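Contents: one structure, followed by commentary.
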There are 4 protein chains.
Amino acid sequence: MYDLVLKGGKICTAHDSYFADIGVVDGKIIEITNCIDFSNAREVVDAAGLLVLPGVWHTHCHFRDPGVTNKEDFESGSKLAAAGGITFVIDMTNNEPAPATVETFLDKKKNAESKSHVDFGLYGAGLHPDQVKSLFDLGAIGIKVFNTRHPKDVYPYISTLGVVDHGVLYEIFEETAKTGLVCAVHHDDSDWVKRMVYRDYIDKGNINAAAYVDAFAKGYMYGHGMVSGLASSLYLAKIAGVRLYVLHVGVMPDGAYDLIDFAKSSGQPVYAELEACSFLIDRAMAEKLGPRTYVHGRNIPRARDALNNGPCDVLVLEHAPHHKDEVAKGWDDNFGAPLGVIGAQEFFPMMLNEVNNGTLTLERLIYLTSENPSKIFGIYPRKGIIAVGSDADFTIVDMNREHVLSSEESLSRSGWTSFDGVKVKGMPVFTVVRGNVVMEKGVVKGARGFGKMISPKKQ
Amino acid sequence: MYDLVLKGGKICTAHDSYFADIGVVDGKIIEITNCIDFSNAREVVDAAGLLVLPGVWHTHCHFRDPGVTNKEDFESGSKLAAAGGITFVIDMTNNEPAPATVETFLDKKKNAESKSHVDFGLYGAGLHPDQVKSLFDLGAIGIKVFNTRHPKDVYPYISTLGVVDHGVLYEIFEETAKTGLVCAVHHDDSDWVKRMVYRDYIDKGNINAAAYVDAFAKGYMYGHGMVSGLASSLYLAKIAGVRLYVLHVGVMPDGAYDLIDFAKSSGQPVYAELEACSFLIDRAMAEKLGPRTYVHGRNIPRARDALNNGPCDVLVLEHAPHHKDEVAKGWDDNFGAPLGVIGAQEFFPMMLNEVNNGTLTLERLIYLTSENPSKIFGIYPRKGIIAVGSDADFTIVDMNREHVLSSEESLSRSGWTSFDGVKVKGMPVFTVVRGNVVMEKGVVKGARGFGKMISPKKQ
Amino acid sequence: MYDLVLKGGKICTAHDSYFADIGVVDGKIIEITNCIDFSNAREVVDAAGLLVLPGVWHTHCHFRDPGVTNKEDFESGSKLAAAGGITFVIDMTNNEPAPATVETFLDKKKNAESKSHVDFGLYGAGLHPDQVKSLFDLGAIGIKVFNTRHPKDVYPYISTLGVVDHGVLYEIFEETAKTGLVCAVHHDDSDWVKRMVYRDYIDKGNINAAAYVDAFAKGYMYGHGMVSGLASSLYLAKIAGVRLYVLHVGVMPDGAYDLIDFAKSSGQPVYAELEACSFLIDRAMAEKLGPRTYVHGRNIPRARDALNNGPCDVLVLEHAPHHKDEVAKGWDDNFGAPLGVIGAQEFFPMMLNEVNNGTLTLERLIYLTSENPSKIFGIYPRKGIIAVGSDADFTIVDMNREHVLSSEESLSRSGWTSFDGVKVKGMPVFTVVRGNVVMEKGVVKGARGFGKMISPKKQ
Amino acid sequence: MYDLVLKGGKICTAHDSYFADIGVVDGKIIEITNCIDFSNAREVVDAAGLLVLPGVWHTHCHFRDPGVTNKEDFESGSKLAAAGGITFVIDMTNNEPAPATVETFLDKKKNAESKSHVDFGLYGAGLHPDQVKSLFDLGAIGIKVFNTRHPKDVYPYISTLGVVDHGVLYEIFEETAKTGLVCAVHHDDSDWVKRMVYRDYIDKGNINAAAYVDAFAKGYMYGHGMVSGLASSLYLAKIAGVRLYVLHVGVMPDGAYDLIDFAKSSGQPVYAELEACSFLIDRAMAEKLGPRTYVHGRNIPRARDALNNGPCDVLVLEHAPHHKDEVAKGWDDNFGAPLGVIGAQEFFPMMLNEVNNGTLTLERLIYLTSENPSKIFGIYPRKGIIAVGSDADFTIVDMNREHVLSSEESLSRSGWTSFDGVKVKGMPVFTVVRGNVVMEKGVVKGARGFGKMISPKKQ
């Protein structure tokens, strides 16, 4: 008796593709076959004409829960992820309270488990070096450090979460190294940024959305300061022996690619999470979006080169929602407004569209969004693969389906997406988590609280 | 009704490992599962405690058939391969007649198909540029060129097979490029070799086995001349646009690694077949073996580095048998004796031993001997993978089994192996070709003529 | 009528050597010849058997004037430089008051000009971005930044001179870039250093000289923090477009070499000043010297490789004197003691000894201590070359003279040298500045106040 | 009493420039000065407003003497060199008889010394390994090898001079390595070239000048074959330990730059002689010139990059004259016509024009045409430098003089130049060899037979 059978699909992994049916029992793949009579299956998904991929990850979610759940919460967040073909999300730490201690981490976990529609990993907030070991013991998927403070201390860069003292940063590296987890860092050189931005923009009263785009393009906002911080951090990480996971690659200027390449070529265990905005949003689009993005591609050909040839170990389109009312004021004061891109629901459709456009192979996409994140975060081969014994997580896609992304269809509490009106070809049509169909043809199904927190294998 | 079931084993591929059973029908994997009742299987292999690998390739066989079948023939050769855990062999072209034309290729194919115990690919002999297209049409797995003549024209470097004119070599490259096949080349600079060897050895009467080892170590025999030829050939291949498959990497001095790395770094499609003698035989062993080897590791640490970090795309231990009576005279005149290493039966046991010694991971070994050769030669995913729909080729190994390799156990017609007396830990215990168990615990089973010639997928 | 004639010597430059006499008038070379009757010369130096080099620079002096002239002053400092064959010194900025403004710079200049025996350049203290242009206008040879604070705020790292805010550092870069001067930086990551040193040494009471050597060897003192700071600074300098002159290369761990190589390979104008202690002092010697050095070679083979193959643009042995009474207390508390190496007088003899030992060519030595610093600091071809029209600065050496360096012979007010008892072969025997013999066979001659401040050519 | 005085000029070397007068006695510089009364000089050159450079070399002359002196002889050749500002020429070996033995070399030397107007070096013809030592003893400046045969055996690639056997080539390398001379090689892969050219051009009757340009552009003539030969030769030279001087860089496709860079980066002593046609002649000009050139720039930006950043150790514009009547038939059969560029007289004017155009610095030009060839060929510091004691060889130039190059003004016996009608700014106005003015404002002066053969310093 099978719980679920996927029938007639083409299985596509990061390495190969073939036609086979898949049988699932108790949330695990127990059979890959083309010869079985599945009449005794509880549920059958007809995958004829569709591609069956290992479940896709979204590694950069801000579900704002606990904290500002009017922007998003774990329920809305996990539902929109499911809608977008995502089977596994990693949630960031800029909550209130932030999951930086045993108690706060456990509270966050409990809350998320009660609401989530998909499986997830939770970063522990890297703030107190002496808490790292505990966060690891509690199952954190990695340690996230905000090596930054916003020039105006605007949320969501919670001032008390910022680790700008390199001594503290290094001690977090030391402690994380002992656990084997990755340390994921949003790098910055906050003194530099603050001085430049005030001097040339804020103090001059140039603060509207157009001024912001200018400051971004000039490398002041989310620019050279991040690379400066990255440069030091790569060295400190090397001597600490920690696995450094560099966030926001593609947001930073080209120097970041060079530095990461340089570190990799020396054998340092460093990973690049490439932000898809680096090639999805050009400056003209950014000017139109105004406060509905904070980033645009600085060098789109270079970003596409990174996408295909590296440095790029994981691909993501960040999901950092703010409520549309908050965002609106950015048109006038974009340095004081909370900024972020909303893209978890739209991410995978847009990437399938890239595959259809020929700018990315399907194999590479699967590698960057399923197999490799699973490996980097220590969840492979439990996830990230289609093999007997692995979790029955699948993203089943129709490469020919055309769709227009829209804020109307967004399930985000924020009420909008940065990619409203974008046409794509290629859509996820089923999202399956541990044998459970949590999305079918755009409709999110399944139970709130079904999703589980997954932790890295302990060695 | 299954033809064959593998039960209880651990499936190991180049990327991952998991426990599952495999069901086979009509030579294909039709099921990978851990939930089926296999009572209706025609044959069951109990793989409990064993590792199930995708069938291992041996890419560098000289089965001497047609030609000098007193050294080996396709029957003895394919049997010893099966005994050594090999499911697929590639046979070289220095036959008499050589398979350089439609007729000779077809004759060789017919003969091999009537005798082989395992599946195989046949190189077409690259000699006449205008025959390349026909050899491709007939299913050659690649085009092999002897860009060399032996200084004394000693067999098996058949003088008429040598393509030393770079104009002809280039035209073969041009024609092969059109087919998409690899052109596999034994490189040389025969004028250089002949002049050096005669000047410093033969003309002086220094020709015994010790003198030969000295000439090899000095880079005269199978040395600098090969690198000189490689240097030109890499460039000619680049401008011809052909996929160049470099044979005997590891036999050549270190310059060969450097040149191949250099070509690869420029994006040229070039592949390195690493000869395992480069790290298995040191000079002392070579002196003891005398004419039972022609090669020893020139720089064993560098060879091991290539093995693990490249350049190395395929790993092999060449099988070039000569009858023990012929070989014996090499002790006195090793420049006039036919030379070669005999290792197809011993290859995989010795590599499993390396895995047990920790000098090579099992994943890398599988990649280099199964997945990657299958890809390079265009047979993937028909072979080189364990997936539903693929050929049911398996090498099933016991990593704990200890064994002493010996000439007594050798199935070669030559009557000996270069690795007589070598102790290993790790042995293949079943060889399965298209669902047929052709070797079980060292005993070759199955029918002569069961093996089929396999050809690259036509685009 | 010649003011001075050098007769019979062998002229040696960074590129060639030949026998010729040199005639000097008004401080300039007016003739290089082997045919003139010099009977009408005011002064003749008999250079037969000697080598005549372009005047040697010492680019890293702390003459403590104004400030703590009990350690050194410009008179004693410039005299010991002359004694050591140095014709040109560059003085650092950690004075009290520091030359960071128009007034303080002018005061320092006036004082130095009244006392110096050799020519000199003065760094402007990089502290206030808006003062950089003025310092340039006043003739500063470069802008020196202390991107550091000592963990215990021990002199000579004057706390108020530390520029640890990267925003300020960057603005100094921006302003210096406009002038074309180099910005010379002592890099650091002071937060990191302070935290590590207190945590593992000071807080534990491990503070004696042996503990200090341990902390240095571990990369805490003058170690990884400096590289971390360098990493960021290289990037900030690149985007500012400033010529970055990296101080204390060779003091820092190997990562510094790598980062500078990486920056150079990208075409960035960055210069490395290699500290000779990196190969002159090993750990055993450091333990013996105790507080009479703060540094030892971390990787002597790598330092020698940098010396010969780069990154190394200027070679120096820093001169940072402290009075012997102050230093003595370092045996008990070396984290609280003022530290430095005393070496300006001993530098060039020790380098000639290296040439005699064959570890460095004379051409390379001249390049690194005369031609190249002259070029980098914009004083070439006024200095750094032997050519008609250039300043008649010469260091005349006897390669065969043997000598034992000693604190007794030191002209430093501090009363000691780090290299007491070191035997050398090769000694400067004349130091000539603008045609004036300021040292002859170890005896300093000439007038206090003869030395002039030299400024970079304005474009 | 001075034999010659250069008065009022600006001395310019590869490293610096300054105003000074120069006094010469017995062919040597004895004084560089700005203070002497030169009233007792036999001859004074007024260099006011002019630049005085160390004498310029032309390293690639074919003066056809002995052999076909109707094309050129040593007298006409050395005169046109003097007219073009050249003080030193190196003559090639494709004479009849070729200077490959003691007798033929001595005959050539004697003949050249009786006719030459400028100093010169003579290559020994690398043909017989056992003659190399003798040629070195007789003073050959290097060993030149024609590693080529013309596809149609057309002069000047004298068939008997071709060393296409790599064994012989290697023995010449071995013998040359023992002498310390450079081995200068015109590389080729003659089998390849012959096969391609006959197959696609000659056998099809496509042999006119337009067909030739096509064959060149395609890499058949002077193209890929040369790179193929270079690839092997670089390796053979490396193992022989010989200093390899690669001729015709810039004629060959881009692969040649890559291979030389690769060899240099490994520390191999290899030198690139860049042919200026690589940036002076574009395809359109080549089509117009027809048989009056055999080469055009394949990739002019890359050639300019090599010129400025390497690989380029020596710069030249080859001088390979043929009589205009012979050349004329190339319009119809350019594969059968003798080909070459005529440029020794025009070379330096065109390079000064490049300096005026800002594509090359004067320092770099002097380095590549005087200092560095002198060093590479072992004549430095006798030549290649302006220093007391060195030969008084000068090329004195007027950077503002404009001129139109023309066949009318050519002093070549061939009666033409490839650069007829080219306008330049910057002209040599005096050529001085060992203190003798051999050209003044375009007029060649001095005595036939004044020039001397100069040999490398023996160690």
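Chain labels follow the order of the structure tokens: the first chain is A, the next B, and so on; residue numbering restarts at 1 in every chain, and ligands are counted from 1 in their shown order.
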
Determine which residues of segment 130-277 of chain B receive a DSSP assignment of strand (DSSP E or B), computed from the backbone, and state them as a list in words.
->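 These are the residues in question: Gly142, Ile143, Lys144, Val145, Phe146, Gly162, Val182, Cys183, Ala184, Val185, His186, Arg243, Leu244, Tyr245, Val246, Leu247, His248, Val249, Val270, Tyr271, Ala272, Glu273, Leu274 and Glu275 of chain B.
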
Find the residues of chain B that sit at most 10 Å from chain D; for each, write down the nearest two atoms and how far apart they are in Å, to one decimal. Count only C-alpha atoms. Sort by chain, then by number going up, and give it as CSV.
```
residue,atom,partner,partner_atom,distance
B:Val164,CA,D:Asp191,CA,9.5
B:Asp165,CA,D:Asp191,CA,6.1
B:His166,CA,D:Trp192,CA,5.1
B:Gly167,CA,D:Trp192,CA,3.8
B:Val168,CA,D:Trp192,CA,7.6
B:Leu169,CA,D:Trp192,CA,8.6
B:Tyr170,CA,D:Trp192,CA,7.5
B:Glu171,CA,D:Met196,CA,8.9
B:Asp189,CA,D:His166,CA,7.4
B:Ser190,CA,D:His166,CA,8.5
B:Asp191,CA,D:Gly167,CA,5.5
B:Trp192,CA,D:Gly167,CA,3.8
B:Val193,CA,D:Gly167,CA,7.1
B:Lys194,CA,D:Gly167,CA,7.7
B:Arg195,CA,D:Gly167,CA,5.5
B:Met196,CA,D:Gly167,CA,7.0
B:Gly219,CA,D:Ile239,CA,9.7
B:His224,CA,D:Leu236,CA,7.6
B:Gly225,CA,D:Leu236,CA,8.4
B:Met226,CA,D:Ser232,CA,9.9
B:Val227,CA,D:Tyr235,CA,7.6
B:Ser228,CA,D:Ser232,CA,4.5
B:Gly229,CA,D:Ser232,CA,6.5
B:Leu230,CA,D:Ser232,CA,7.8
B:Ala231,CA,D:Ala231,CA,5.2
B:Ser232,CA,D:Ser228,CA,4.5
B:Ser233,CA,D:Ser228,CA,7.4
B:Leu234,CA,D:Ser228,CA,8.5
B:Tyr235,CA,D:Ser228,CA,6.1
B:Leu236,CA,D:Ser228,CA,6.7
B:Lys238,CA,D:Gly255,CA,9.8
B:Ile239,CA,D:His224,CA,8.1
B:Gly255,CA,D:Tyr235,CA,7.8
B:Ala256,CA,D:Tyr235,CA,9.9
B:Asp258,CA,D:Phe262,CA,9.6
B:Leu259,CA,D:Phe262,CA,9.2
B:Phe262,CA,D:Phe262,CA,8.0
B:Ser266,CA,D:Asp258,CA,9.8
```

Closest of C:Glu174, C:Glu354, C:Asp393, C:Asp254 to Ser370 of chain C - atom-to-atom distances counting only C-alpha atoms |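 Once distances to Ser370 of chain C are computed over only C-alpha atoms, the minimum belongs to C:Asp393.
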
Sel. of alpha helix (DSSP H) residues, segment 251-448 of chain C, as a count of residues only = 61

Who sits within 10 Å of segment 71-79 of chain A, only C-alpha atoms, same chain under 6 positions skipped, as an MDAnalysis selection string | chainID A and resid 61:65 86:89 91 108 111:120 319:324 326 344:345 410:415 438:439 443:446 448:449 451

Name all residues at most 9 Å from Gln268 of chain A (count only C-alpha atoms; drop same-chain ones fewer than 2 positions away) and give them as a list in words.
->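 Returned residues: Leu234, Ala237, Lys238, Gly241, Arg243, Leu244, Ala263, Lys264, Ser265, Ser266 and Val270 of chain A.
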
Write a file of the selected residues as a compact mmCIF listing (two decimals), in the first residue's frame, keeping N, CA, C and O atoms.
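Generated file (selection_30.txt):
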```txt
# COMPACT_ATOMS: atom_id res chain seq x y z
N LEU A 234 36.62 37.07 5.07
CA LEU A 234 37.17 35.89 4.42
C LEU A 234 38.47 35.47 5.10
O LEU A 234 38.73 34.28 5.30
N ALA A 237 37.68 34.18 8.66
CA ALA A 237 37.07 32.85 8.56
C ALA A 237 38.12 31.80 8.26
O ALA A 237 38.07 30.68 8.78
N LYS A 238 39.07 32.17 7.42
CA LYS A 238 40.11 31.21 7.04
C LYS A 238 40.92 30.80 8.26
O LYS A 238 41.17 29.61 8.47
N GLY A 241 38.98 28.71 10.56
CA GLY A 241 38.65 27.39 10.04
C GLY A 241 37.16 27.14 9.91
O GLY A 241 36.70 26.00 9.82
N ARG A 243 33.42 27.30 8.03
CA ARG A 243 32.82 27.28 6.70
C ARG A 243 31.99 28.56 6.55
O ARG A 243 30.96 28.70 7.18
N LEU A 244 32.45 29.43 5.68
CA LEU A 244 31.80 30.73 5.54
C LEU A 244 30.81 30.71 4.37
O LEU A 244 31.18 30.37 3.24
N ALA A 263 39.53 33.24 -2.71
CA ALA A 263 39.49 32.38 -1.52
C ALA A 263 39.28 30.92 -1.91
O ALA A 263 39.94 30.01 -1.40
N LYS A 264 38.36 30.69 -2.82
CA LYS A 264 38.10 29.31 -3.25
C LYS A 264 39.36 28.70 -3.88
O LYS A 264 39.67 27.53 -3.66
N SER A 265 40.05 29.49 -4.67
CA SER A 265 41.22 28.93 -5.36
C SER A 265 42.31 28.55 -4.37
O SER A 265 43.18 27.75 -4.69
N SER A 266 42.27 29.12 -3.17
CA SER A 266 43.25 28.73 -2.15
C SER A 266 42.76 27.55 -1.33
O SER A 266 43.42 27.14 -0.38
N VAL A 270 34.44 28.17 1.32
CA VAL A 270 33.57 29.35 1.30
C VAL A 270 32.50 29.12 0.23
O VAL A 270 32.77 28.53 -0.81
```

At what distance in Å, to one decimal, does atom CA of Lys458 of chain C lie from atom CA of Ala240 of chain C?
->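 Spanning atom CA of Ala240 of chain C to atom CA of Lys458 of chain C is a straight-line distance of 20.3 Å.
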
Pick out the residues sitting within 12 Å of Ala14 of chain B, and hand them over as a list in words; count only C-alpha atoms, and ignore anything fewer than 2 positions along from it in its own chain.
->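 Listing them by chain and then by number gives His15 of chain A; Ile11, Cys12, Asp16, Ser17, Val52, Leu53, Pro54, Gly55, Val56, Thr361, Leu362, Glu363, Arg364, Leu365, Ile366, Tyr367, Leu368, Thr369, Ser370, Glu371, Asn372, Gly384, Ile385 and Ile386 of chain B.
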
If you measure from atom CA of Gly205 of chain D to atom CA of Met221 of chain D, what distance in Å do you get, rounded to one decimal?
->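 Interatomic distance, atom CA of Gly205 of chain D to atom CA of Met221 of chain D: 15.8 Å.
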
Find, counting only C-alpha atoms, the residue in C:Gly426, C:Gly139, C:Gly250, C:Pro269 that gets nearest to His296 of chain C.
-> C:Gly250

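Interatomic distance, atom CA of Lys178 of chain C to atom CA of Pro129 of chain C: 11.5 Å.
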